[in-house]
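Colleague: One structure, as structure tokens, below. Some questions next.
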Amino acid sequence: MSYKEFIDKAKPEFEKAFKFLEGEIQKIRTSRASPALVEDIEVNAFGQKFPLKQLGAISTPSTNQIVIQPWDGSYLEPIEKAISQSGLGMSVIVDKNVIRLNLPTLTEEYRHALSKTLGEKAEQAKQTMRHAREDAWNKIQAAKIAKEISEDDKFRGKDELQKVVDDYQEKIKNLVEKKKNEIA
């Protein structure tokens, strides 16, 4: 087994951590309305929990409003209750067979809290990547000890592994900066 195989096996872990971070960042509210803010809210309907996106169509007709059109009128009350309890700070208006959510303007304090949350989520992704890197590096070292790869290949593997990690760190940094600009 070559050191490249260990790195190739670690890459999906890096990608998974990055994709998870992307999804989490989409849920962080900015000054623009986005269906991602509410689509995964758990709604109790008929004694079961469903993500909101399975119970209705979610749209954003303006930058500060989200409209939810439930597939069935009986979902209106459970959806309204779930959104009210979600802690997103949106005013919920039931208008006949649709629910309108108006996003308040972001206060400086709330922007600061969002930036902190953003940093925490980015750190979680980086930590996951560090674990994957450490695991791959341990396997490369074990292969060297077992004389499956040479000393030179061990250090080439270390350098290549670090390059992959650096690339993902840069992707995370760019993603976080973009989101911070949206929050500001």
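As shown in the structure tokens, the chain order sets the letters A, B, ...; within each chain, residues go from 1, and ligands are also counted from 1 in the order they appear.
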Just asking: which residues within range 91-157 of chain A are strand (DSSP E) according to DSSP, as a compact mmCIF listing (two decimals) with N, CA and C atoms, in the first residue's frame?

Modeller:
# COMPACT_ATOMS: atom_id res chain seq x y z
N SER A 91 -41.15 36.93 13.43
CA SER A 91 -42.58 37.07 13.70
C SER A 91 -43.34 36.18 12.72
N VAL A 92 -44.25 35.38 13.27
CA VAL A 92 -45.01 34.41 12.49
C VAL A 92 -46.41 34.96 12.24
N ILE A 93 -46.81 35.06 10.97
CA ILE A 93 -48.13 35.54 10.61
C ILE A 93 -48.82 34.47 9.77
N VAL A 94 -49.97 33.99 10.26
CA VAL A 94 -50.75 33.02 9.50
C VAL A 94 -51.75 33.80 8.67
N ASP A 95 -51.68 33.64 7.35
CA ASP A 95 -52.51 34.39 6.42
C ASP A 95 -53.26 33.38 5.55
N VAL A 98 -51.31 30.20 4.18
CA VAL A 98 -49.86 30.34 4.14
C VAL A 98 -49.35 30.94 5.45
N ILE A 99 -48.09 30.72 5.71
CA ILE A 99 -47.44 31.30 6.89
C ILE A 99 -46.35 32.23 6.39
N ARG A 100 -46.38 33.45 6.89
CA ARG A 100 -45.37 34.44 6.52
C ARG A 100 -44.47 34.68 7.72
N LEU A 101 -43.16 34.65 7.45
CA LEU A 101 -42.18 34.92 8.50
C LEU A 101 -41.43 36.18 8.12
N ASN A 102 -41.49 37.17 8.99
CA ASN A 102 -40.76 38.41 8.74
C ASN A 102 -39.50 38.41 9.60

Colleague: Using only C-alpha atoms, what does the table of range 65-151 of chain A residues within 12 Å of range 44-48 of chain A look like, with each row giving the shortest atom pair and its distance in Å to one decimal, sorted by chain and ascending number, as CSV?

Modeller:
residue,atom,partner,partner_atom,distance
A:Pro70,CA,A:Ala45,CA,11.9
A:Asp72,CA,A:Ala45,CA,11.0
A:Gly73,CA,A:Ala45,CA,11.7
A:Ser74,CA,A:Ala45,CA,8.7
A:Tyr75,CA,A:Ala45,CA,6.9
A:Leu76,CA,A:Ala45,CA,9.9
A:Glu77,CA,A:Ala45,CA,9.3
A:Pro78,CA,A:Asn44,CA,6.1
A:Ile79,CA,A:Asn44,CA,7.9
A:Glu80,CA,A:Asn44,CA,10.6
A:Lys81,CA,A:Asn44,CA,8.9
A:Ala82,CA,A:Asn44,CA,7.5
A:Ile83,CA,A:Asn44,CA,11.1
A:Gln85,CA,A:Asn44,CA,11.7

Colleague: For range 56-60 of chain A, please output as a list in words all residues within 7 Å (counting only C-alpha atoms; exclusion window: fewer than 3 positions along the same chain).

Modeller: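 Within the cut-off, the hits are Ala33, Ser34, Pro35, Leu52, Lys53, Thr63, Gln65, Ile66, Val67, Ile68, Gln69, Pro70 and Trp71 of chain A.
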
Colleague: Find the residue from A:Ala113, A:Met90, A:Leu37, A:Ala10 that sits nearest to Ala136 in chain A; use only C-alpha atoms when measuring.

Modeller: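 For Ala136 in chain A, the nearest of the candidates is A:Ala10.
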
Colleague: Let's see if you can do this: from backbone DSSP, list all helix (DSSP H, G or I) residues in range 41-150 of chain A, as an NGL selection string.

Modeller: :A and (52-54 or 73-84 or 108-145)

Colleague: Export C-alpha atoms of the chosen residues as an mmCIF file, in the first residue's frame?

Modeller:
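result.cif, freshly written:
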data_model
loop_
_atom_site.group_PDB
_atom_site.id
_atom_site.type_symbol
_atom_site.label_atom_id
_atom_site.label_comp_id
_atom_site.auth_asym_id
_atom_site.auth_seq_id
_atom_site.Cartn_x
_atom_site.Cartn_y
_atom_site.Cartn_z
ATOM 1 C CA LEU A 52 -40.578 21.511 7.716
ATOM 2 C CA LYS A 53 -39.428 20.994 4.114
ATOM 3 C CA GLN A 54 -41.507 17.775 3.989
ATOM 4 C CA GLY A 73 -54.183 23.074 5.918
ATOM 5 C CA SER A 74 -53.972 20.882 9.032
ATOM 6 C CA TYR A 75 -50.203 21.555 9.136
ATOM 7 C CA LEU A 76 -50.659 25.312 9.726
ATOM 8 C CA GLU A 77 -50.905 25.202 13.516
ATOM 9 C CA PRO A 78 -48.077 22.672 14.131
ATOM 10 C CA ILE A 79 -45.766 24.601 11.761
ATOM 11 C CA GLU A 80 -46.581 27.915 13.453
ATOM 12 C CA LYS A 81 -45.893 26.386 16.870
ATOM 13 C CA ALA A 82 -42.587 24.812 15.780
ATOM 14 C CA ILE A 83 -41.314 28.080 14.278
ATOM 15 C CA SER A 84 -42.364 30.075 17.347
ATOM 16 C CA GLU A 108 -25.097 44.581 16.427
ATOM 17 C CA GLU A 109 -25.294 42.238 19.409
ATOM 18 C CA TYR A 110 -27.027 39.540 17.350
ATOM 19 C CA ARG A 111 -24.467 39.921 14.534
ATOM 20 C CA HIS A 112 -21.700 39.417 17.070
ATOM 21 C CA ALA A 113 -23.430 36.267 18.376
ATOM 22 C CA LEU A 114 -23.830 34.971 14.803
ATOM 23 C CA SER A 115 -20.139 35.578 14.100
ATOM 24 C CA LYS A 116 -19.248 33.670 17.252
ATOM 25 C CA THR A 117 -21.491 30.759 16.239
ATOM 26 C CA LEU A 118 -19.932 30.820 12.786
ATOM 27 C CA GLY A 119 -16.462 30.589 14.296
ATOM 28 C CA GLU A 120 -17.507 27.675 16.526
ATOM 29 C CA LYS A 121 -18.909 25.715 13.589
ATOM 30 C CA ALA A 122 -15.765 26.357 11.541
ATOM 31 C CA GLU A 123 -13.629 25.156 14.457
ATOM 32 C CA GLN A 124 -15.704 21.959 14.700
ATOM 33 C CA ALA A 125 -15.053 21.258 11.005
ATOM 34 C CA LYS A 126 -11.337 21.956 11.444
ATOM 35 C CA GLN A 127 -11.226 19.634 14.439
ATOM 36 C CA THR A 128 -12.854 16.840 12.429
ATOM 37 C CA MET A 129 -10.260 17.393 9.703
ATOM 38 C CA ARG A 130 -7.426 17.308 12.243
ATOM 39 C CA HIS A 131 -8.661 13.928 13.455
ATOM 40 C CA ALA A 132 -8.793 12.608 9.886
ATOM 41 C CA ARG A 133 -5.286 13.962 9.199
ATOM 42 C CA GLU A 134 -3.937 12.406 12.398
ATOM 43 C CA ASP A 135 -5.509 9.066 11.510
ATOM 44 C CA ALA A 136 -4.007 9.104 7.996
ATOM 45 C CA TRP A 137 -0.591 10.163 9.364
ATOM 46 C CA ASN A 138 -0.647 7.334 11.939
ATOM 47 C CA LYS A 139 -1.404 4.848 9.169
ATOM 48 C CA ILE A 140 1.466 6.200 7.066
ATOM 49 C CA GLN A 141 3.831 5.892 10.037
ATOM 50 C CA ALA A 142 2.596 2.362 10.751
ATOM 51 C CA ALA A 143 3.226 1.434 7.119
ATOM 52 C CA LYS A 144 6.790 2.744 7.459
ATOM 53 C CA ILE A 145 7.354 0.718 10.643
#

Colleague: Provide the CA of Ser150 in chain A to CA of Tyr168 in chain A distance in Å, to one decimal place.

Modeller: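 Interatomic distance here is 27.0 Å.
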
Colleague: Mind running range 4-60 of chain A against range 172-182 of chain A at 12 Å and telling me each contacting residue's nearest atom pair with the distance in Å (one decimal), counting only C-alpha atoms, chain and number ascending, as CSV?

Modeller:
residue,atom,partner,partner_atom,distance
A:Phe14,CA,A:Ile172,CA,10.8
A:Glu15,CA,A:Ile172,CA,10.8
A:Ala17,CA,A:Ile172,CA,9.9
A:Phe18,CA,A:Ile172,CA,7.1
A:Lys19,CA,A:Ile172,CA,10.0
A:Phe20,CA,A:Ile172,CA,11.1
A:Leu21,CA,A:Ile172,CA,8.2
A:Glu22,CA,A:Leu175,CA,7.7
A:Gly23,CA,A:Leu175,CA,11.2
A:Glu24,CA,A:Val176,CA,11.1
A:Ile25,CA,A:Lys179,CA,7.5
A:Gln26,CA,A:Lys179,CA,8.6
A:Lys27,CA,A:Lys179,CA,10.9
A:Ile28,CA,A:Lys179,CA,8.7
A:Arg29,CA,A:Glu182,CA,9.1
A:Thr30,CA,A:Glu182,CA,5.9
A:Ser31,CA,A:Glu182,CA,6.8
A:Arg32,CA,A:Glu182,CA,8.1
A:Ala33,CA,A:Glu182,CA,11.3

Colleague: Write out as a VMD selection string the residues lying within 9 Å of Val164 in chain A, counting only C-alpha atoms and excluding same-chain residues fewer than 5 positions away.

Modeller: chain A and resid 7 11 14 159 169

Colleague: Go through A:Lys154, A:Leu55, A:Asn64, A:Asn97 and flag the residue nearest Val43 in chain A, using only C-alpha atoms for the distances.

Modeller: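 So, comparing all the options, the nearest one is A:Leu55.
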